[in-house]
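Visitor: This is input.txt (compact mmCIF, C-alpha atoms).
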```
# COMPACT_ATOMS: atom_id res chain seq x y z
CA MET A 532 3.79 1.87 2.99
CA ASP A 533 6.22 3.91 0.92
CA LEU A 534 5.50 7.55 1.77
CA ALA A 535 7.44 9.14 -1.11
CA PHE A 536 4.26 10.19 -2.93
CA LEU A 537 3.44 12.52 -0.01
CA HIS A 538 6.47 14.79 -0.59
CA PRO A 539 4.41 17.53 -2.35
CA LEU A 540 2.42 18.01 0.86
CA TYR A 541 5.47 19.17 2.78
CA GLU A 542 7.02 21.49 0.22
CA HIS A 543 4.76 24.35 1.35
CA PRO A 544 3.57 25.53 4.77
CA GLY A 545 0.01 25.03 5.99
CA PRO A 546 -2.68 25.25 6.99
CA TRP A 547 -4.12 22.44 4.87
CA ALA A 548 -7.53 21.20 3.85
CA SER A 549 -7.78 17.40 4.03
CA VAL A 550 -10.89 15.83 2.51
CA TYR A 551 -11.87 12.18 2.12
CA VAL A 552 -14.64 11.41 -0.36
CA ASP A 553 -16.57 8.14 -0.79
CA THR A 554 -17.18 7.24 -4.46
CA SER A 555 -18.33 3.66 -3.88
CA ARG A 556 -22.02 4.35 -4.60
CA HIS A 557 -23.08 4.43 -8.24
CA THR A 558 -26.75 5.16 -8.95
CA GLU A 559 -28.78 7.53 -11.11
CA ASP A 560 -28.63 10.08 -8.30
CA THR A 561 -24.84 9.88 -7.88
CA PRO A 562 -23.98 13.12 -9.78
CA HIS A 563 -26.44 15.11 -7.66
CA GLU A 564 -25.26 13.44 -4.44
CA ARG A 565 -21.63 14.31 -5.18
CA GLN A 566 -22.58 17.87 -5.96
CA LEU A 567 -24.17 18.07 -2.51
CA THR A 568 -21.05 16.46 -1.03
CA ALA A 569 -18.88 19.11 -2.69
CA GLN A 570 -20.96 21.86 -1.14
CA ALA A 571 -21.00 20.18 2.28
CA MET A 572 -17.20 19.69 2.35
CA ALA A 573 -16.62 23.32 1.37
CA ARG A 574 -18.95 24.45 4.18
CA GLN A 575 -17.18 22.24 6.71
CA LEU A 576 -13.83 23.73 5.76
CA ALA A 577 -15.16 27.27 5.84
CA ASP A 578 -16.62 26.68 9.31
CA GLN A 579 -13.16 25.56 10.47
CA GLY A 580 -11.53 28.74 9.15
CA ALA A 581 -10.38 27.75 5.66
CA ASP A 582 -9.95 30.54 3.10
CA GLU A 583 -12.52 30.89 0.32
CA ALA A 584 -10.07 30.06 -2.49
CA THR A 585 -9.20 26.70 -0.91
CA CYS A 586 -12.85 25.91 -0.23
CA GLN A 587 -13.62 26.64 -3.88
CA ALA A 588 -10.73 24.44 -5.08
CA VAL A 589 -12.04 21.53 -3.00
CA ARG A 590 -15.60 22.09 -4.18
CA SER A 591 -14.50 22.09 -7.82
CA ALA A 592 -12.38 18.96 -7.38
CA ILE A 593 -15.29 17.01 -5.88
CA ASP A 594 -17.62 18.36 -8.57
CA ASP A 595 -15.24 16.86 -11.13
CA LEU A 596 -15.93 13.45 -9.58
CA ARG A 597 -19.67 13.64 -10.27
CA HIS A 598 -19.48 11.12 -13.13
CA SER A 599 -16.46 9.20 -11.89
CA SER A 600 -16.71 5.42 -11.75
CA GLU A 601 -13.92 5.10 -9.19
CA PRO A 602 -14.83 2.11 -7.00
CA HIS A 603 -13.78 3.42 -3.58
CA GLY A 604 -12.98 7.09 -3.08
CA ARG A 605 -10.50 9.91 -3.25
CA ALA A 606 -8.48 11.96 -0.80
CA LEU A 607 -7.92 15.67 -1.52
CA PHE A 608 -5.22 17.84 0.04
CA ALA A 609 -5.44 21.56 -0.71
CA ARG A 610 -3.92 24.87 0.37
CA ALA A 611 -3.82 28.44 -0.95
CA GLY A 612 -6.58 27.79 -3.47
CA GLU A 613 -4.97 24.68 -5.03
CA VAL A 614 -5.49 20.93 -4.71
CA VAL A 615 -1.90 19.72 -4.36
CA LEU A 616 -2.50 15.96 -4.15
CA ASP A 617 -5.55 13.76 -4.77
CA PRO A 618 -4.66 10.05 -4.43
CA PRO A 619 -7.34 7.41 -5.11
CA LEU A 620 -8.40 5.22 -2.20
CA ALA A 621 -8.24 1.43 -2.08
CA ARG A 622 -11.31 1.26 0.17
CA PRO A 623 -14.10 3.72 1.02
CA PRO A 624 -13.73 5.99 4.08
CA GLN A 625 -15.87 4.81 6.98
CA GLY A 626 -18.79 7.07 7.73
CA GLY A 627 -18.76 8.80 4.35
CA ALA A 628 -17.05 12.04 3.35
CA TRP A 629 -15.35 14.34 5.86
CA ALA A 630 -13.08 17.39 5.83
CA GLU A 631 -10.53 18.91 8.21
CA TRP A 632 -8.59 22.21 8.26
CA ALA A 633 -5.34 21.95 10.23
CA PRO A 634 -1.67 23.04 10.28
CA LEU A 635 -0.65 19.69 8.73
CA PRO A 636 -2.35 17.49 6.14
CA ARG A 637 -4.44 14.76 7.77
CA VAL A 638 -2.63 11.84 6.10
CA THR A 639 -2.81 9.03 8.68
CA PRO A 640 -6.11 7.66 7.28
CA LEU A 641 -4.27 6.98 4.01
CA LEU A 642 -2.34 4.20 5.73
CA GLU A 643 -5.57 2.21 5.94
CA LEU A 644 -7.50 3.63 2.98
CA ALA A 645 -4.78 3.85 0.34
CA GLY A 646 -1.80 2.03 1.81
CA GLU A 647 -1.02 -1.67 1.77
CA ASP A 648 -2.88 -2.13 -1.50
CA PRO A 649 -0.82 -4.92 -3.05
CA VAL A 650 -0.73 -4.99 -6.81
CA CYS A 651 -1.06 -8.55 -8.11
CA VAL A 652 -0.04 -10.25 -11.31
CA VAL A 653 -2.28 -13.26 -11.91
CA ALA A 654 -0.59 -15.78 -14.22
CA TYR A 655 -2.94 -18.23 -15.94
CA VAL A 656 -0.54 -21.07 -16.71
CA ASP A 657 -0.84 -24.10 -18.98
CA ARG A 658 1.63 -26.32 -20.80
CA LYS A 659 1.77 -24.05 -23.85
CA GLY A 660 2.27 -20.68 -22.14
CA ALA A 661 0.59 -18.16 -19.87
CA ASN A 662 -1.54 -15.05 -19.85
CA PHE A 663 -0.82 -12.33 -17.28
CA GLU A 664 -3.42 -10.09 -15.68
CA LEU A 665 -2.71 -7.08 -13.46
CA ARG A 666 -5.14 -6.78 -10.55
CA SER A 667 -5.47 -4.09 -7.88
CA ALA A 668 -8.20 -2.45 -5.84
CA LEU A 669 -8.88 -0.20 -8.85
CA GLY A 670 -9.64 -3.04 -11.27
CA ARG A 671 -7.93 -5.34 -13.74
CA GLU A 672 -6.05 -5.08 -17.02
CA GLY A 673 -4.05 -7.32 -19.31
CA ALA A 674 -0.33 -7.51 -18.56
CA GLY A 675 0.92 -9.56 -21.50
CA SER A 676 1.39 -13.22 -22.34
CA VAL A 677 4.06 -15.74 -23.22
CA THR A 678 3.86 -18.62 -25.68
CA GLY A 679 6.21 -21.56 -25.35
CA ARG A 680 6.87 -24.48 -27.63
CA GLN A 681 3.63 -25.86 -28.98
CA TRP A 682 4.67 -29.49 -29.72
CA PRO A 683 4.85 -31.97 -28.20
CA VAL A 684 3.06 -31.14 -24.95
CA HIS A 685 0.95 -34.24 -24.25
CA ARG A 686 2.12 -37.66 -23.17
CA THR A 687 0.84 -40.77 -24.88
CA SER A 688 -0.87 -43.51 -22.93
CA SER A 689 1.50 -46.13 -24.33
CA VAL A 690 4.11 -47.79 -22.13
CA ASP A 691 5.98 -49.24 -25.11
CA TRP A 692 9.74 -48.63 -24.88
CA SER A 693 9.60 -47.20 -28.40
CA GLU A 694 7.65 -44.25 -26.99
CA ARG A 695 10.33 -43.36 -24.45
CA HIS A 696 12.07 -40.86 -26.75
CA PHE A 697 8.76 -39.10 -27.42
CA GLN A 698 7.97 -38.91 -23.71
CA LEU A 699 11.35 -37.32 -23.02
CA ARG A 700 10.63 -34.69 -25.67
CA VAL A 701 7.31 -33.96 -23.94
CA GLU A 702 9.14 -33.52 -20.62
CA ASN A 703 11.69 -31.23 -22.25
CA THR A 704 8.91 -29.14 -23.81
CA TRP A 705 7.17 -28.72 -20.43
CA GLU A 706 10.41 -27.72 -18.75
CA HIS A 707 11.29 -25.28 -21.53
CA ASN A 708 7.85 -23.66 -21.41
CA ALA A 709 7.88 -23.41 -17.59
CA ALA A 710 11.26 -21.66 -17.75
CA GLU A 711 10.01 -19.21 -20.40
CA ILE A 712 6.89 -18.46 -18.35
CA ALA A 713 8.96 -17.91 -15.21
CA ASP A 714 11.32 -15.56 -17.05
CA ALA A 715 8.44 -13.56 -18.53
CA LEU A 716 6.67 -13.41 -15.16
CA ALA A 717 9.82 -12.11 -13.46
CA VAL A 718 10.08 -9.35 -16.08
CA CYS A 719 6.37 -8.54 -15.67
CA GLN A 720 6.81 -8.26 -11.89
CA GLU A 721 9.76 -5.92 -12.29
CA GLU A 722 7.93 -3.70 -14.78
CA THR A 723 4.70 -3.53 -12.77
CA ARG A 724 6.39 -3.61 -9.34
CA ALA A 725 3.77 -6.15 -8.32
CA ASP A 726 3.68 -7.13 -4.65
CA LEU A 727 2.06 -10.51 -5.23
CA LEU A 728 2.17 -13.20 -7.93
CA ILE A 729 -0.77 -15.59 -8.15
CA LEU A 730 -0.26 -18.75 -10.22
CA VAL A 731 -3.40 -20.36 -11.62
CA GLY A 732 -3.34 -23.72 -13.40
CA ASP A 733 -2.90 -27.42 -12.82
CA ASP A 734 -0.64 -28.51 -9.96
CA ARG A 735 2.32 -29.57 -12.06
CA GLU A 736 2.38 -26.44 -14.23
CA ARG A 737 2.08 -24.14 -11.20
CA ARG A 738 4.91 -25.91 -9.37
CA SER A 739 7.16 -25.97 -12.43
CA VAL A 740 6.84 -22.23 -12.91
CA HIS A 741 7.16 -21.49 -9.18
CA GLU A 742 10.40 -23.48 -8.92
CA ARG A 743 11.96 -21.61 -11.84
CA LEU A 744 11.23 -18.09 -10.58
CA PRO A 745 14.14 -16.12 -9.12
CA LYS A 746 14.53 -16.75 -5.38
CA ARG A 747 13.83 -13.07 -4.64
CA LEU A 748 10.24 -13.64 -5.83
CA HIS A 749 9.47 -16.91 -4.04
CA ASP A 750 7.95 -15.18 -0.99
CA LEU A 751 5.60 -13.21 -3.25
CA VAL A 752 4.03 -16.29 -4.88
CA VAL A 753 0.62 -17.76 -4.09
CA GLU A 754 -0.59 -20.85 -5.93
CA ALA A 755 -4.34 -20.78 -6.49
CA PRO A 756 -6.09 -24.18 -6.48
CA HIS A 757 -7.85 -23.67 -9.82
CA GLY A 758 -7.38 -25.80 -12.90
CA THR A 759 -6.30 -24.67 -16.35
CA GLY A 760 -8.94 -22.47 -17.96
CA SER A 761 -10.29 -21.12 -14.67
CA ARG A 762 -10.49 -17.38 -14.07
CA LEU A 763 -10.05 -15.97 -10.58
CA LEU A 764 -13.05 -14.13 -9.22
CA ASP A 765 -12.60 -10.73 -7.60
CA GLU A 766 -13.19 -12.27 -4.19
CA ASP A 767 -10.42 -14.84 -4.81
CA VAL A 768 -7.94 -12.08 -5.60
CA GLU A 769 -9.15 -9.93 -2.71
CA ARG A 770 -8.68 -12.83 -0.31
CA ALA A 771 -5.12 -13.40 -1.56
CA ARG A 772 -4.34 -9.69 -1.31
CA ALA A 773 -5.75 -9.46 2.23
CA GLU A 774 -3.79 -12.51 3.38
CA HIS A 775 -0.61 -11.04 1.90
CA VAL A 776 -1.16 -7.75 3.76
CA ALA A 777 -1.84 -9.60 7.00
CA ARG A 778 1.36 -11.66 6.64
CA GLN A 779 3.42 -8.55 5.93
CA ALA A 780 1.94 -6.66 8.88
CA GLU A 781 2.47 -9.56 11.27
CA GLY A 782 6.06 -9.86 10.11
CA GLU A 783 6.70 -6.19 10.86
CA LEU A 784 5.03 -6.51 14.26
CA GLU A 785 7.28 -9.46 15.09
CA ARG A 786 10.31 -7.39 14.12
CA PHE A 787 9.05 -4.58 16.35
CA ARG A 788 8.40 -6.88 19.33
CA ALA A 789 11.88 -8.35 19.04
CA ALA A 790 13.55 -4.96 18.55
CA ARG A 791 11.95 -3.54 21.72
CA ASN A 792 14.18 -5.80 23.80
CA PRO A 793 17.46 -4.02 24.64
CA ASP A 794 20.70 -5.44 23.31
CA ASP A 795 23.71 -6.34 25.46
CA GLU A 796 24.47 -2.66 25.91
CA GLY A 797 20.91 -1.86 26.98
CA ARG A 798 19.86 -0.17 23.72
CA PRO A 799 16.54 -1.11 22.06
CA GLY A 800 16.08 -1.19 18.30
CA ALA A 801 12.50 0.09 18.54
CA VAL A 802 10.70 2.73 20.58
CA GLU A 803 7.10 3.56 21.47
CA GLY A 804 5.38 6.48 23.11
CA VAL A 805 5.30 10.09 21.95
CA PRO A 806 8.38 11.46 23.80
CA ALA A 807 10.69 8.70 22.54
CA LEU A 808 9.31 8.98 18.99
CA VAL A 809 9.72 12.75 18.93
CA GLU A 810 13.35 12.39 19.96
CA ALA A 811 13.97 9.69 17.33
CA ALA A 812 12.28 11.82 14.64
CA ARG A 813 14.45 14.85 15.44
CA GLU A 814 17.55 12.65 15.14
CA HIS A 815 16.33 11.08 11.85
CA ARG A 816 16.50 7.60 13.39
CA ILE A 817 13.03 6.36 12.40
CA ASP A 818 13.11 3.60 9.79
CA GLU A 819 9.44 2.61 9.91
CA LEU A 820 6.53 4.10 11.83
CA LEU A 821 3.89 1.77 13.24
CA ILE A 822 0.56 3.50 13.79
CA ARG A 823 -2.62 2.15 15.30
CA PRO A 824 -5.04 4.86 14.09
CA ASP A 825 -7.41 4.47 17.03
CA GLY A 826 -4.60 4.51 19.60
CA PRO A 827 -4.73 7.30 22.22
CA ASP A 828 -1.26 8.62 21.32
CA ALA A 829 -2.15 9.09 17.65
CA HIS A 830 -4.23 12.20 18.33
CA ARG A 831 -2.09 13.47 21.19
CA GLU A 832 -1.03 17.09 20.69
CA VAL A 833 2.59 17.91 19.89
CA TRP A 834 4.22 21.11 18.67
CA ILE A 835 5.75 21.63 15.24
CA GLY A 836 7.86 24.27 13.55
CA GLU A 837 8.27 25.06 9.86
CA ASP A 838 10.71 22.19 9.20
CA PRO A 839 9.87 18.48 9.59
CA ASP A 840 12.47 17.88 12.29
CA GLN A 841 11.22 20.84 14.34
CA LEU A 842 9.04 18.72 16.56
CA ALA A 843 8.55 18.72 20.32
CA VAL A 844 6.27 17.48 23.06
CA ARG A 845 6.05 20.96 24.59
CA ARG A 846 6.03 24.36 22.94
CA THR A 847 8.83 25.59 25.17
CA ASP A 848 11.05 22.77 23.88
CA LEU A 849 10.82 24.21 20.36
CA LYS A 850 11.88 27.63 21.62
CA ILE A 851 14.90 26.04 23.28
CA LEU A 852 15.74 24.50 19.90
CA GLY A 853 15.62 27.97 18.37
CA GLU A 854 12.28 27.77 16.55
CA GLN A 855 10.40 31.07 16.72
CA HIS A 856 7.14 29.93 15.10
CA SER A 857 5.18 26.91 16.30
CA TRP A 858 1.78 25.30 15.93
CA PRO A 859 -0.06 22.43 17.65
CA ALA A 860 -0.58 19.29 15.58
CA ARG A 861 -1.61 15.67 15.94
CA ALA A 862 1.29 13.41 16.88
CA ASP A 863 0.63 10.89 14.12
CA ASP A 864 0.56 13.47 11.32
CA ALA A 865 3.61 15.30 12.70
CA LEU A 866 5.57 12.04 12.84
CA ILE A 867 4.52 11.11 9.31
CA ARG A 868 5.79 14.50 8.10
CA SER A 869 9.17 13.70 9.67
CA ALA A 870 9.09 10.20 8.18
CA VAL A 871 8.44 11.55 4.68
CA ALA A 872 11.34 13.99 4.99
CA THR A 873 13.76 11.21 5.98
CA ASP A 874 12.47 8.55 3.53
CA ALA A 875 11.07 6.33 6.28
CA ALA A 876 8.09 4.03 5.79
CA ALA A 877 4.84 3.71 7.75
CA LEU A 878 2.45 0.89 8.55
CA ALA A 879 -1.07 0.83 9.98
CA VAL A 880 -1.45 -1.96 12.54
CA ALA A 881 -4.56 -3.46 14.12
CA GLU A 882 -2.91 -5.16 17.12
CA ARG A 883 -4.65 -3.82 20.22
CA GLU A 884 -1.63 -3.85 22.56
CA VAL A 885 1.29 -3.17 20.20
CA PRO A 886 2.66 -0.58 20.04
CA VAL A 887 1.72 0.77 23.46
CA GLY A 888 -0.42 3.89 22.99
CA GLY A 889 -0.73 3.21 19.27
CA LEU A 890 2.55 4.76 18.08
CA GLY A 891 5.91 3.05 17.69
CA ALA A 892 8.89 2.88 15.37
CA LEU A 893 11.66 0.58 14.22
CA LEU A 894 14.94 2.48 14.36
CA ARG A 895 17.71 2.86 11.81
CA TRP A 896 20.34 2.74 14.53
CA LYS A 897 20.31 2.47 18.30
```
Re-express the file's structure as structure tokens.
Guide:
Amino acid sequence: MDLAFLHPLYEHPGPWASVYVDTSRHTEDTPHERQLTAQAMARQLADQGADEATCQAVRSAIDDLRHSSEPHGRALFARAGEVVLDPPLARPPQGGAWAEWAPLPRVTPLLELAGEDPVCVVAYVDRKGANFELRSALGREGAGSVTGRQWPVHRTSSVDWSERHFQLRVENTWEHNAAEIADALAVCQEETRADLLILVGDDRERRSVHERLPKRLHDLVVEAPHGTGSRLLDEDVERARAEHVARQAEGELERFRAARNPDDEGRPGAVEGVPALVEAAREHRIDELLIRPDGPDAHREVWIGEDPDQLAVRRTDLKILGEQHSWPARADDALIRSAVATDAAALAVAEREVPVGGLGALLRWK
């Protein structure tokens, strides 16, 4: 997950209100239920010591969602009477809405609830052209179309040698149209920054387009076994998106497993455990964080200073580093703050044994 969108959360000191709201229910009572949620979240924050202005900002922001048709939910991060960031969620928070007041924003849940939400371009391909559809967890929208040569596109049933020239023209038309579709799809992917391309159509048309796409896109392509004229159901797209996320996560885990093994000089390319991660974060060596949200190390207490690289396992370590002010924080959120500051990425993993303790990182250098 690219963490760049979290930068606004670390431009100001805490404490922070972090609120996760479920908007997946839509009934006649929804506006009233969300009004009650707004009041409940403000009370939770006040009970944890949040200032009145911030409680009011959160209450107002949730009130504004009373008539929202958002399919999953919203996260709200607020301080000093202002909601600084409110990203939509790709799936509802488990257990309903909750709120937390802490020195750092509680961002780790975003890795599962808003991260790894691949945007798809579905290309409905036939011999005459293609229609593109942009699909994500938030819905669908048209993404353009391409029209190739319209004639000739069908073979005759004759085997007479006099038809050979016509058949060659049909083949040339197919090839021309497949190339135009592939070019347009590559442009569409670049403009939308889609993570996944799903080709829908008959076997030959799908393969022809797939083969003509730039090599950089080949690993992003899925061919759906639906004939021309079919429309992918939401569950078809969701299955393709979930499989893509699983493949990506497994690939990163394999990289991590391999990088844990020391090289010829005894230096690993990956680390796990809070002390090693804290050291790597201070030295700006983390390239990608791997976090198992339910791992015991994720909620282990560390100490932070005002700057992202002021991070230590013990409070006395920060004083040795010259930091006069320090606060306790969760290890996962403190490490994500450091990752954001150094343009590192983060990934939520479900593997029970890797990384050990639930926190690990691939390193930029050994």
Visitor: Would you work out the distance separating atom CA of Leu763 of chain A from atom CA of Arg747 of chain A, expressed in Å to one decimal?
Guide: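 So the answer is 24.8 Å.
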Visitor: Compile the contact shell of Gln575 of chain A as a list of chain:residue names: residues with an atom at most 10 Å away, counting all atoms listed in the file, same-chain residues fewer than 5 positions apart removed.
Guide: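 The residues satisfying every condition are A:Val550, A:Gln570, A:Gly580, A:Ala581, A:Cys586, A:Trp629, A:Ala630, A:Glu631, A:Trp632.
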Visitor: Counting only C-alpha atoms, figure out which residue out of A:Leu821, A:Ala548, A:Ala654, A:Leu540 gets nearest to Leu893 of chain A.
Guide: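 Among the listed residues, A:Leu821 lies closest to Leu893 of chain A.
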Visitor: Atom CA of Arg666 of chain A and atom CA of Arg735 of chain A, how far apart in Å?
Guide: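 According to the coordinates, atom CA of Arg735 of chain A and atom CA of Arg666 of chain A are separated by 24.0 Å.
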Visitor: Just to confirm, what's the straight-line distance from atom CA of Ile729 of chain A to atom CA of Thr678 of chain A in Å (one decimal)?
Guide: 18.4 Å
Visitor: Can you list, as an MDAnalysis selection string, every protein, DNA or RNA residue that comes within 7 Å of segment 835-842 of chain A when you count all atoms listed in the file, leaving out same-chain residues fewer than 2 positions away?
Guide: chainID A and resid 544 809 812:813 833 849 854 856:860 868:869 872
Visitor: Can you tell me, as a PyMOL selection string, which residues sit within 12 Å of (2.2, -22.9, -10.3) in the file's frame, using only C-alpha atoms?
Guide: chain A and resi 653-658+661+709-710+712-713+716+728-744+749+752-759
Visitor: Would you mind exporting C-alpha atoms of the selected residues as an mmCIF file, in the coordinates of the input?
Guide:
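Generated output (part_2.cif):
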```cif
data_model
loop_
_atom_site.group_PDB
_atom_site.id
_atom_site.type_symbol
_atom_site.label_atom_id
_atom_site.label_comp_id
_atom_site.auth_asym_id
_atom_site.auth_seq_id
_atom_site.Cartn_x
_atom_site.Cartn_y
_atom_site.Cartn_z
ATOM 1 C CA VAL A 653 -2.280 -13.260 -11.910
ATOM 2 C CA ALA A 654 -0.590 -15.780 -14.220
ATOM 3 C CA TYR A 655 -2.940 -18.230 -15.940
ATOM 4 C CA VAL A 656 -0.540 -21.070 -16.710
ATOM 5 C CA ASP A 657 -0.840 -24.100 -18.980
ATOM 6 C CA ARG A 658 1.630 -26.320 -20.800
ATOM 7 C CA ALA A 661 0.590 -18.160 -19.870
ATOM 8 C CA ALA A 709 7.880 -23.410 -17.590
ATOM 9 C CA ALA A 710 11.260 -21.660 -17.750
ATOM 10 C CA ILE A 712 6.890 -18.460 -18.350
ATOM 11 C CA ALA A 713 8.960 -17.910 -15.210
ATOM 12 C CA LEU A 716 6.670 -13.410 -15.160
ATOM 13 C CA LEU A 728 2.170 -13.200 -7.930
ATOM 14 C CA ILE A 729 -0.770 -15.590 -8.150
ATOM 15 C CA LEU A 730 -0.260 -18.750 -10.220
ATOM 16 C CA VAL A 731 -3.400 -20.360 -11.620
ATOM 17 C CA GLY A 732 -3.340 -23.720 -13.400
ATOM 18 C CA ASP A 733 -2.900 -27.420 -12.820
ATOM 19 C CA ASP A 734 -0.640 -28.510 -9.960
ATOM 20 C CA ARG A 735 2.320 -29.570 -12.060
ATOM 21 C CA GLU A 736 2.380 -26.440 -14.230
ATOM 22 C CA ARG A 737 2.080 -24.140 -11.200
ATOM 23 C CA ARG A 738 4.910 -25.910 -9.370
ATOM 24 C CA SER A 739 7.160 -25.970 -12.430
ATOM 25 C CA VAL A 740 6.840 -22.230 -12.910
ATOM 26 C CA HIS A 741 7.160 -21.490 -9.180
ATOM 27 C CA GLU A 742 10.400 -23.480 -8.920
ATOM 28 C CA ARG A 743 11.960 -21.610 -11.840
ATOM 29 C CA LEU A 744 11.230 -18.090 -10.580
ATOM 30 C CA HIS A 749 9.470 -16.910 -4.040
ATOM 31 C CA VAL A 752 4.030 -16.290 -4.880
ATOM 32 C CA VAL A 753 0.620 -17.760 -4.090
ATOM 33 C CA GLU A 754 -0.590 -20.850 -5.930
ATOM 34 C CA ALA A 755 -4.340 -20.780 -6.490
ATOM 35 C CA PRO A 756 -6.090 -24.180 -6.480
ATOM 36 C CA HIS A 757 -7.850 -23.670 -9.820
ATOM 37 C CA GLY A 758 -7.380 -25.800 -12.900
ATOM 38 C CA THR A 759 -6.300 -24.670 -16.350
#
```
Visitor: Which residues come within 9 Å of segment 614-626 of chain A, counting all atoms listed in the file, excluding same-chain residues fewer than 4 positions away, as an MDAnalysis selection string?
Guide: chainID A and resid 536:537 539:540 548 551:555 585 588:589 592 601:610 640:641 643:648 667:669
Visitor: Identify which of the residues A:Arg637, A:Arg724, A:Arg597, A:Arg565 lies closest to Trp547 of chain A, counting all atoms listed in the file when measuring atom-to-atom distances.
Guide: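 Closest candidate: A:Arg637.
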Visitor: Tell me which protein, DNA and RNA residues are within 7 Å of segment 790-806 of chain A, counting all atoms listed in the file, leaving out same-chain ones fewer than 3 positions away, and put them as a PyMOL selection string.
Guide: chain A and resi 786-787+809-810+828+844+886-888+890-894+896-897
Visitor: Please check which residues have atoms at most 7 Å from (1.5, -19.2, -25.4) in the file's coordinates, counting only C-alpha atoms, and write them as a list of chain:residue names.
Guide: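 Using only C-alpha atoms, the matching residues come out as A:Lys659, A:Gly660, A:Ala661, A:Ser676, A:Val677, A:Thr678, A:Gly679.
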Visitor: Enclose the full set of atoms of segment 642-654 of chain A listed in the file within a box whose edges lie along x, y and z, apply 6 Å of padding to each of the six sides, and report centre and edge lengths in Å to one decimal as AutoDock Vina command-line options.
Guide:
```
--center_x -3.8 --center_y -5.8 --center_z -4.1 --size_x 19.5 --size_y 32.0 --size_z 32.2
```
Visitor: Ranking A:Ala633, A:Ala674, A:Val638, A:Ala725 by minimum distance to Ala877 of chain A and counting only C-alpha atoms, which one comes first?
Guide: A:Val638
Visitor: Compare A:Pro745, A:Ile822, A:Pro649, A:Leu764 by their minimum atom-to-atom distance to Ala777 of chain A, counting only C-alpha atoms, and give me the closest one.
Guide: A:Pro649
